[in-house]
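Coordinates from query.cif are shown below (mmCIF, C-alpha atoms).
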```cif
data_my_file
loop_
_atom_site.label_atom_id
_atom_site.label_comp_id
_atom_site.auth_asym_id
_atom_site.auth_seq_id
_atom_site.Cartn_x
_atom_site.Cartn_y
_atom_site.Cartn_z
CA MET T 1 23.05 -85.54 -32.85
CA SER T 2 26.64 -86.03 -31.72
CA GLU T 3 28.95 -83.03 -31.83
CA ARG T 4 31.24 -85.05 -34.11
CA GLY T 5 28.44 -85.59 -36.60
CA LEU T 6 26.25 -88.40 -37.86
CA ILE T 7 27.74 -91.32 -39.78
CA LEU T 8 25.48 -93.35 -42.05
CA VAL T 9 26.48 -97.02 -42.21
CA VAL T 10 24.89 -98.96 -45.09
CA GLU T 11 25.88 -102.59 -44.63
CA ASP T 12 23.71 -105.68 -45.08
CA GLU T 13 25.78 -107.91 -42.77
CA LYS T 14 24.38 -107.04 -39.34
CA PRO T 15 27.42 -108.22 -37.30
CA ILE T 16 29.65 -105.88 -39.33
CA SER T 17 27.12 -103.06 -39.09
CA ASP T 18 26.85 -103.50 -35.31
CA LEU T 19 30.63 -103.55 -34.93
CA LEU T 20 31.08 -100.37 -36.96
CA ARG T 21 28.32 -98.69 -34.96
CA LEU T 22 30.06 -99.63 -31.69
CA TYR T 23 33.45 -98.33 -32.76
CA LEU T 24 32.09 -95.13 -34.29
CA GLN T 25 30.02 -94.37 -31.21
CA ARG T 26 33.09 -94.89 -29.02
CA GLU T 27 34.71 -92.07 -31.02
CA GLY T 28 31.79 -89.77 -30.32
CA PHE T 29 29.89 -90.07 -33.61
CA GLY T 30 26.18 -90.51 -33.96
CA VAL T 31 25.37 -93.53 -36.13
CA HIS T 32 22.41 -94.41 -38.34
CA THR T 33 22.34 -97.83 -40.00
CA GLU T 34 20.55 -99.20 -43.06
CA PHE T 35 20.78 -102.65 -44.59
CA ASP T 36 19.93 -102.22 -48.27
CA GLY T 37 20.80 -99.77 -51.03
CA VAL T 38 17.38 -98.16 -51.50
CA SER T 39 16.99 -97.40 -47.78
CA GLY T 40 20.60 -96.23 -47.65
CA LEU T 41 20.03 -93.76 -50.48
CA SER T 42 16.89 -92.45 -48.81
CA ALA T 43 18.73 -92.00 -45.49
CA ALA T 44 21.60 -90.21 -47.23
CA ARG T 45 19.10 -87.75 -48.69
CA THR T 46 17.16 -87.11 -45.49
CA LYS T 47 19.60 -87.59 -42.60
CA HIS T 48 22.36 -85.34 -44.03
CA PRO T 49 25.22 -87.43 -42.59
CA SER T 50 28.76 -86.13 -42.16
CA ALA T 51 30.06 -89.24 -43.95
CA ILE T 52 28.81 -92.57 -45.28
CA VAL T 53 30.32 -96.02 -44.84
CA LEU T 54 28.84 -97.78 -47.85
CA ASP T 55 29.01 -101.48 -48.65
CA VAL T 56 29.29 -102.20 -52.37
CA GLY T 57 27.38 -105.50 -52.47
CA LEU T 58 23.98 -104.44 -51.15
CA PRO T 59 20.56 -105.97 -51.80
CA GLY T 60 18.07 -103.98 -53.81
CA MET T 61 20.54 -101.39 -55.08
CA ASP T 62 24.28 -101.75 -55.41
CA GLY T 63 26.46 -99.43 -53.34
CA THR T 64 28.09 -98.04 -56.48
CA ASP T 65 24.63 -97.09 -57.77
CA VAL T 66 23.87 -95.36 -54.46
CA CYS T 67 27.10 -93.38 -54.77
CA ARG T 68 26.43 -92.51 -58.40
CA ALA T 69 22.90 -91.31 -57.61
CA LEU T 70 24.14 -89.03 -54.83
CA ARG T 71 26.89 -87.54 -56.97
CA GLU T 72 24.50 -86.93 -59.86
CA GLU T 73 22.25 -85.04 -57.42
CA GLY T 74 25.19 -82.86 -56.38
CA ASN T 75 25.54 -84.52 -52.98
CA TRP T 76 29.28 -84.71 -52.21
CA VAL T 77 29.13 -86.16 -48.71
CA PRO T 78 32.37 -88.11 -48.04
CA ILE T 79 31.94 -91.82 -48.85
CA VAL T 80 34.07 -94.78 -47.79
CA PHE T 81 33.32 -97.91 -49.83
CA CYS T 82 33.53 -101.30 -48.11
CA THR T 83 33.67 -104.43 -50.23
CA ALA T 84 34.57 -108.08 -50.25
CA ARG T 85 36.03 -107.70 -53.73
CA ASP T 86 39.80 -107.72 -53.50
CA ASP T 87 40.46 -106.55 -57.02
CA GLU T 88 42.18 -103.29 -57.97
CA VAL T 89 39.92 -102.75 -60.99
CA ASP T 90 36.84 -102.77 -58.75
CA ARG T 91 38.48 -100.39 -56.31
CA ILE T 92 39.49 -97.95 -59.02
CA ILE T 93 35.97 -98.00 -60.49
CA GLY T 94 34.63 -97.12 -57.03
CA LEU T 95 36.92 -94.13 -56.75
CA GLU T 96 36.07 -93.00 -60.26
CA MET T 97 32.40 -93.00 -59.31
CA GLY T 98 33.09 -90.42 -56.64
CA ALA T 99 34.01 -92.39 -53.52
CA ASP T 100 36.62 -90.78 -51.30
CA ASP T 101 38.19 -93.95 -49.96
CA TYR T 102 37.96 -97.72 -50.11
CA VAL T 103 38.53 -100.61 -47.69
CA THR T 104 38.40 -104.33 -48.45
CA LYS T 105 36.85 -106.97 -46.21
CA PRO T 106 37.95 -108.36 -43.86
CA PHE T 107 38.97 -105.04 -42.37
CA SER T 108 39.75 -103.73 -38.93
CA PRO T 109 36.90 -101.54 -37.63
CA ARG T 110 39.61 -99.26 -36.22
CA GLU T 111 40.89 -98.72 -39.75
CA VAL T 112 37.43 -97.77 -41.01
CA VAL T 113 36.93 -95.39 -38.09
CA ALA T 114 40.33 -93.79 -38.73
CA ARG T 115 39.41 -93.17 -42.34
CA VAL T 116 36.01 -91.76 -41.42
CA LYS T 117 37.59 -89.44 -38.87
CA SER T 118 40.10 -88.23 -41.44
CA LEU T 119 37.40 -87.50 -44.01
CA VAL T 120 35.10 -85.75 -41.53
CA ARG T 121 37.98 -83.67 -40.19
CA ARG T 122 39.08 -82.60 -43.65
CA ALA T 123 35.58 -81.91 -44.93
CA GLY T 124 34.76 -79.81 -41.85
CA LEU T 125 38.03 -77.93 -41.67
CA ILE T 126 37.20 -74.24 -41.99
CA ASN T 127 39.55 -71.39 -41.25
CA SER T 128 38.19 -67.91 -41.96
CA GLY T 129 41.75 -66.59 -42.16
CA ASP T 130 42.65 -68.72 -45.17
CA GLU T 131 42.89 -66.73 -48.39
CA PRO T 132 41.45 -68.17 -51.61
CA LEU T 133 43.88 -70.02 -53.86
CA THR T 134 43.91 -69.02 -57.52
CA ASN T 135 45.50 -70.48 -60.61
CA GLY T 136 44.42 -69.07 -63.95
CA ARG T 137 40.61 -69.04 -64.00
CA LEU T 138 40.44 -71.54 -61.12
CA THR T 139 39.73 -70.35 -57.58
CA LEU T 140 39.51 -72.42 -54.42
CA ASP T 141 37.54 -70.88 -51.57
CA ILE T 142 39.33 -72.53 -48.63
CA THR T 143 36.88 -71.22 -46.05
CA GLN T 144 33.81 -72.70 -47.73
CA ARG T 145 35.68 -75.55 -49.46
CA ARG T 146 34.28 -74.65 -52.88
CA ALA T 147 35.92 -74.57 -56.30
CA PHE T 148 35.12 -72.13 -59.10
CA VAL T 149 36.21 -71.82 -62.72
CA ALA T 150 35.54 -68.36 -64.14
CA GLY T 151 32.95 -67.88 -61.39
CA ASN T 152 31.13 -71.15 -62.08
CA GLU T 153 31.21 -73.70 -59.27
CA VAL T 154 32.71 -77.13 -59.89
CA ALA T 155 31.59 -79.91 -57.52
CA LEU T 156 34.51 -81.76 -55.94
CA THR T 157 34.67 -84.59 -53.43
CA ALA T 158 36.38 -83.85 -50.12
CA THR T 159 39.48 -85.72 -51.25
CA GLU T 160 39.59 -84.06 -54.67
CA PHE T 161 39.40 -80.65 -52.99
CA ASP T 162 42.18 -81.45 -50.53
CA LEU T 163 44.45 -82.84 -53.23
CA LEU T 164 43.95 -79.81 -55.44
CA ALA T 165 44.44 -77.39 -52.54
CA ARG T 166 47.67 -79.13 -51.52
CA LEU T 167 49.15 -78.78 -54.98
CA MET T 168 47.92 -75.22 -55.51
CA SER T 169 49.23 -74.07 -52.14
CA ASP T 170 52.80 -74.59 -53.36
CA PRO T 171 52.81 -74.06 -57.16
CA GLY T 172 55.79 -75.45 -58.99
CA ARG T 173 56.76 -77.85 -56.23
CA VAL T 174 56.76 -81.46 -57.38
CA LEU T 175 55.22 -83.91 -54.90
CA ASN T 176 55.55 -87.63 -55.42
CA ARG T 177 52.64 -89.98 -54.88
CA ASP T 178 53.81 -91.18 -51.47
CA GLN T 179 54.07 -87.58 -50.26
CA LEU T 180 50.55 -86.84 -51.47
CA LEU T 181 49.17 -89.96 -49.80
CA SER T 182 50.77 -88.90 -46.54
CA GLU T 183 49.83 -85.22 -46.68
CA VAL T 184 46.34 -85.48 -48.20
CA TRP T 185 45.04 -88.88 -47.11
CA GLY T 186 47.08 -89.04 -43.91
CA TYR T 187 47.92 -92.73 -44.30
CA ALA T 188 49.00 -95.29 -46.88
CA SER T 189 45.85 -95.87 -48.91
CA VAL T 190 44.61 -99.41 -49.43
CA VAL T 191 44.80 -98.81 -53.17
CA GLY T 192 48.36 -97.54 -52.91
CA THR T 193 49.74 -94.78 -55.08
CA ARG T 194 47.29 -95.65 -57.86
CA THR T 195 44.58 -93.83 -55.92
CA VAL T 196 46.49 -90.55 -56.42
CA ASP T 197 46.47 -91.08 -60.18
CA VAL T 198 42.74 -91.78 -60.17
CA HIS T 199 41.93 -88.60 -58.25
CA VAL T 200 44.20 -86.52 -60.50
CA ALA T 201 42.41 -87.97 -63.54
CA GLN T 202 39.05 -87.11 -62.00
CA LEU T 203 40.15 -83.54 -61.31
CA ARG T 204 41.40 -83.12 -64.87
CA ALA T 205 38.11 -84.46 -66.22
CA LYS T 206 36.13 -81.98 -64.13
CA LEU T 207 38.38 -78.95 -64.70
CA GLY T 208 39.33 -79.56 -68.33
CA ASP T 209 41.74 -76.98 -69.70
CA ASP T 210 41.59 -75.12 -66.39
CA SER T 211 43.25 -77.94 -64.47
CA PRO T 212 46.49 -76.59 -63.01
CA ILE T 213 47.96 -80.05 -62.42
CA ARG T 214 50.91 -81.14 -64.51
CA THR T 215 52.56 -84.54 -64.45
CA VAL T 216 56.30 -84.77 -63.86
CA ARG T 217 57.07 -88.08 -65.47
CA GLY T 218 58.69 -90.59 -63.15
CA VAL T 219 58.30 -88.30 -60.14
CA GLY T 220 54.79 -87.08 -59.37
CA TYR T 221 52.59 -84.02 -59.76
CA ALA T 222 52.80 -80.24 -59.42
CA ALA T 223 50.53 -77.25 -59.89
CA ARG T 224 51.67 -74.99 -62.68
CA THR T 225 53.12 -71.61 -61.84
CA GLU T 226 51.97 -68.27 -63.29
CA SER T 227 54.80 -68.37 -65.84
CA GLU T 228 53.76 -71.75 -67.24
#
```
Please go through the file and, once you have read it, give me the structure as structure tokens.
Amino acid sequence: MSERGLILVVEDEKPISDLLRLYLQREGFGVHTEFDGVSGLSAARTKHPSAIVLDVGLPGMDGTDVCRALREEGNWVPIVFCTARDDEVDRIIGLEMGADDYVTKPFSPREVVARVKSLVRRAGLINSGDEPLTNGRLTLDITQRRAFVAGNEVALTATEFDLLARLMSDPGRVLNRDQLLSEVWGYASVVGTRTVDVHVAQLRAKLGDDSPIRTVRGVGYAARTESE
């Protein structure tokens, strides 16, 4: 396996699959390809990829169903959805199902590779010198990239973890959506600032009353301070 990790590409259009394979391999990734949802789900379970590029409109089993199945099993491998559907509602639904990012066809393979690289880098970023972040009963273990509420682990996607860590690292500081896109995603997301709102909503749903995120109306988001 490549030192940069294995990327699973699940795409039923072979020319697109071959192009993504070429560009990912040029960046030093190993690549495994599948062409239908059932085979893609099986490969995700057995190959243990570093990230998945997952087409939404797949034969046999829809890409959203593949993503949902993995998340329900507790598999939080980073996922980039690819789709021909150029509709914000579809994109938001994909993110709400647990995808980390979303690109719409026709896309540049360089853009997909850039997003995969960003996700793999963030998911694999471990620094043993980083102290845990705490806020109320919530603790983020930065070294292992794990979240706990009162000692019980909460499963987060790579992007959810990074967004929460960014806010908790500077409690009380208000960050607008463009700042969060730049600092967490590292680029202007295809969904725009709405993707920040979706991920915040997902975090609040998972953390409930222990979510430290507060909305500053008309500005952005902040993590509450100890005095709040």
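Residue neighbourhood of T:His199, excluding near-sequence residues (fewer than 4 positions): Leu95, Glu96, Thr159, Glu160, Thr195 and Leu203 of chain T, at 8 Å, using only C-alpha atoms.
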* **T:Pro15, T:Gly60, T:Pro78, T:Gly40 ranked by distance to T:Arg122, top pick (using all atoms listed in the file)** => T:Pro78
* **Shell around stretch 205-219 of chain T at 12 Å using only C-alpha atoms, local window under 6 positions removed, as a PyMOL selection string** => chain T and resi 96+98+133-140+147-150+152-157+160-161+163-180+193+196-199+225-226+228
Keeping only C-alpha atoms, write those residues as a PDB file, in the coordinates of the input.
```pdb
ATOM      1  CA  GLU T  96      36.070 -93.000 -60.260  1.00  0.00           C
ATOM      2  CA  GLY T  98      33.090 -90.420 -56.640  1.00  0.00           C
ATOM      3  CA  LEU T 133      43.880 -70.020 -53.860  1.00  0.00           C
ATOM      4  CA  THR T 134      43.910 -69.020 -57.520  1.00  0.00           C
ATOM      5  CA  ASN T 135      45.500 -70.480 -60.610  1.00  0.00           C
ATOM      6  CA  GLY T 136      44.420 -69.070 -63.950  1.00  0.00           C
ATOM      7  CA  ARG T 137      40.610 -69.040 -64.000  1.00  0.00           C
ATOM      8  CA  LEU T 138      40.440 -71.540 -61.120  1.00  0.00           C
ATOM      9  CA  THR T 139      39.730 -70.350 -57.580  1.00  0.00           C
ATOM     10  CA  LEU T 140      39.510 -72.420 -54.420  1.00  0.00           C
ATOM     11  CA  ALA T 147      35.920 -74.570 -56.300  1.00  0.00           C
ATOM     12  CA  PHE T 148      35.120 -72.130 -59.100  1.00  0.00           C
ATOM     13  CA  VAL T 149      36.210 -71.820 -62.720  1.00  0.00           C
ATOM     14  CA  ALA T 150      35.540 -68.360 -64.140  1.00  0.00           C
ATOM     15  CA  ASN T 152      31.130 -71.150 -62.080  1.00  0.00           C
ATOM     16  CA  GLU T 153      31.210 -73.700 -59.270  1.00  0.00           C
ATOM     17  CA  VAL T 154      32.710 -77.130 -59.890  1.00  0.00           C
ATOM     18  CA  ALA T 155      31.590 -79.910 -57.520  1.00  0.00           C
ATOM     19  CA  LEU T 156      34.510 -81.760 -55.940  1.00  0.00           C
ATOM     20  CA  THR T 157      34.670 -84.590 -53.430  1.00  0.00           C
ATOM     21  CA  GLU T 160      39.590 -84.060 -54.670  1.00  0.00           C
ATOM     22  CA  PHE T 161      39.400 -80.650 -52.990  1.00  0.00           C
ATOM     23  CA  LEU T 163      44.450 -82.840 -53.230  1.00  0.00           C
ATOM     24  CA  LEU T 164      43.950 -79.810 -55.440  1.00  0.00           C
ATOM     25  CA  ALA T 165      44.440 -77.390 -52.540  1.00  0.00           C
ATOM     26  CA  ARG T 166      47.670 -79.130 -51.520  1.00  0.00           C
ATOM     27  CA  LEU T 167      49.150 -78.780 -54.980  1.00  0.00           C
ATOM     28  CA  MET T 168      47.920 -75.220 -55.510  1.00  0.00           C
ATOM     29  CA  SER T 169      49.230 -74.070 -52.140  1.00  0.00           C
ATOM     30  CA  ASP T 170      52.800 -74.590 -53.360  1.00  0.00           C
ATOM     31  CA  PRO T 171      52.810 -74.060 -57.160  1.00  0.00           C
ATOM     32  CA  GLY T 172      55.790 -75.450 -58.990  1.00  0.00           C
ATOM     33  CA  ARG T 173      56.760 -77.850 -56.230  1.00  0.00           C
ATOM     34  CA  VAL T 174      56.760 -81.460 -57.380  1.00  0.00           C
ATOM     35  CA  LEU T 175      55.220 -83.910 -54.900  1.00  0.00           C
ATOM     36  CA  ASN T 176      55.550 -87.630 -55.420  1.00  0.00           C
ATOM     37  CA  ARG T 177      52.640 -89.980 -54.880  1.00  0.00           C
ATOM     38  CA  ASP T 178      53.810 -91.180 -51.470  1.00  0.00           C
ATOM     39  CA  GLN T 179      54.070 -87.580 -50.260  1.00  0.00           C
ATOM     40  CA  LEU T 180      50.550 -86.840 -51.470  1.00  0.00           C
ATOM     41  CA  THR T 193      49.740 -94.780 -55.080  1.00  0.00           C
ATOM     42  CA  VAL T 196      46.490 -90.550 -56.420  1.00  0.00           C
ATOM     43  CA  ASP T 197      46.470 -91.080 -60.180  1.00  0.00           C
ATOM     44  CA  VAL T 198      42.740 -91.780 -60.170  1.00  0.00           C
ATOM     45  CA  HIS T 199      41.930 -88.600 -58.250  1.00  0.00           C
ATOM     46  CA  THR T 225      53.120 -71.610 -61.840  1.00  0.00           C
ATOM     47  CA  GLU T 226      51.970 -68.270 -63.290  1.00  0.00           C
ATOM     48  CA  GLU T 228      53.760 -71.750 -67.240  1.00  0.00           C
TER      49      GLU T 228
END
```
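Coordinates place atom CA of T:Val80 at a distance of 15.5 Å from atom CA of T:Phe29.
Atom pair atom CA of T:Lys105 / atom CA of T:Lys47: separated by 26.2 Å.
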Counting only C-alpha atoms, which residues of stretch 141-195 of chain T fall within 8 Å of stretch 111-121 of chain T, and what is the closest atom pair for each with its distance in Å at one decimal, ordered by chain and rising number, as CSV?
```
residue,atom,partner,partner_atom,distance
T:Ala158,CA,T:Leu119,CA,7.2
T:Thr159,CA,T:Leu119,CA,7.7
T:Trp185,CA,T:Ser118,CA,7.5
T:Gly186,CA,T:Ser118,CA,7.4
```
* Selection result for the PyMOL selection byres ((chain T and resi 55) around 7) on this file, as a PyMOL selection string -> chain T and resi 10-11+53-54+56-58+63+81-83
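Each of T:Ala44, T:Ile7, T:Ala51, T:Met61 was compared to T:Val31 using all atoms listed in the file, and T:Ile7 turns out to be the nearest.
For the residues T:Phe107, T:Tyr102, T:Tyr221, T:Phe35, ranking by smallest atom-to-atom distance to T:Leu8 using all atoms listed in the file places T:Phe35 first.
In this structure, atom CA of T:Asp100 sits 11.5 Å away from atom CA of T:Val184.
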I need the residue set behind the PyMOL selection byres ((chain T and resi 70) around 12) for this file; please write it as a tab-separated table (two decimals) with C-alpha atoms, in the frame of the given file.
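Wrote result-v8.tsv, looks like this:
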```tsv
chain	number	residue	atom	x	y	z
T	37	GLY	CA	20.80	-99.77	-51.03
T	38	VAL	CA	17.38	-98.16	-51.50
T	40	GLY	CA	20.60	-96.23	-47.65
T	41	LEU	CA	20.03	-93.76	-50.48
T	42	SER	CA	16.89	-92.45	-48.81
T	43	ALA	CA	18.73	-92.00	-45.49
T	44	ALA	CA	21.60	-90.21	-47.23
T	45	ARG	CA	19.10	-87.75	-48.69
T	46	THR	CA	17.16	-87.11	-45.49
T	48	HIS	CA	22.36	-85.34	-44.03
T	52	ILE	CA	28.81	-92.57	-45.28
T	63	GLY	CA	26.46	-99.43	-53.34
T	64	THR	CA	28.09	-98.04	-56.48
T	65	ASP	CA	24.63	-97.09	-57.77
T	66	VAL	CA	23.87	-95.36	-54.46
T	67	CYS	CA	27.10	-93.38	-54.77
T	68	ARG	CA	26.43	-92.51	-58.40
T	69	ALA	CA	22.90	-91.31	-57.61
T	71	ARG	CA	26.89	-87.54	-56.97
T	72	GLU	CA	24.50	-86.93	-59.86
T	73	GLU	CA	22.25	-85.04	-57.42
T	74	GLY	CA	25.19	-82.86	-56.38
T	75	ASN	CA	25.54	-84.52	-52.98
T	76	TRP	CA	29.28	-84.71	-52.21
T	77	VAL	CA	29.13	-86.16	-48.71
T	78	PRO	CA	32.37	-88.11	-48.04
T	79	ILE	CA	31.94	-91.82	-48.85
T	97	MET	CA	32.40	-93.00	-59.31
T	98	GLY	CA	33.09	-90.42	-56.64
T	99	ALA	CA	34.01	-92.39	-53.52
T	157	THR	CA	34.67	-84.59	-53.43
```
* To do: Mind checking which residues fall within 12 Å of T:Lys14, counting only C-alpha atoms, ignoring those fewer than 2 positions away in the same chain, and posting them as a ChimeraX atom specification?
  => /T:9-12,16-21,33-36,55
Please produce an output containing C-alpha atoms for each residue in the selection, written as a CSV table (one decimal), in the frame of the given file.
```csv
chain,number,residue,atom,x,y,z
T,9,VAL,CA,26.5,-97.0,-42.2
T,10,VAL,CA,24.9,-99.0,-45.1
T,11,GLU,CA,25.9,-102.6,-44.6
T,12,ASP,CA,23.7,-105.7,-45.1
T,16,ILE,CA,29.6,-105.9,-39.3
T,17,SER,CA,27.1,-103.1,-39.1
T,18,ASP,CA,26.8,-103.5,-35.3
T,19,LEU,CA,30.6,-103.6,-34.9
T,20,LEU,CA,31.1,-100.4,-37.0
T,21,ARG,CA,28.3,-98.7,-35.0
T,33,THR,CA,22.3,-97.8,-40.0
T,34,GLU,CA,20.6,-99.2,-43.1
T,35,PHE,CA,20.8,-102.6,-44.6
T,36,ASP,CA,19.9,-102.2,-48.3
T,55,ASP,CA,29.0,-101.5,-48.6
```
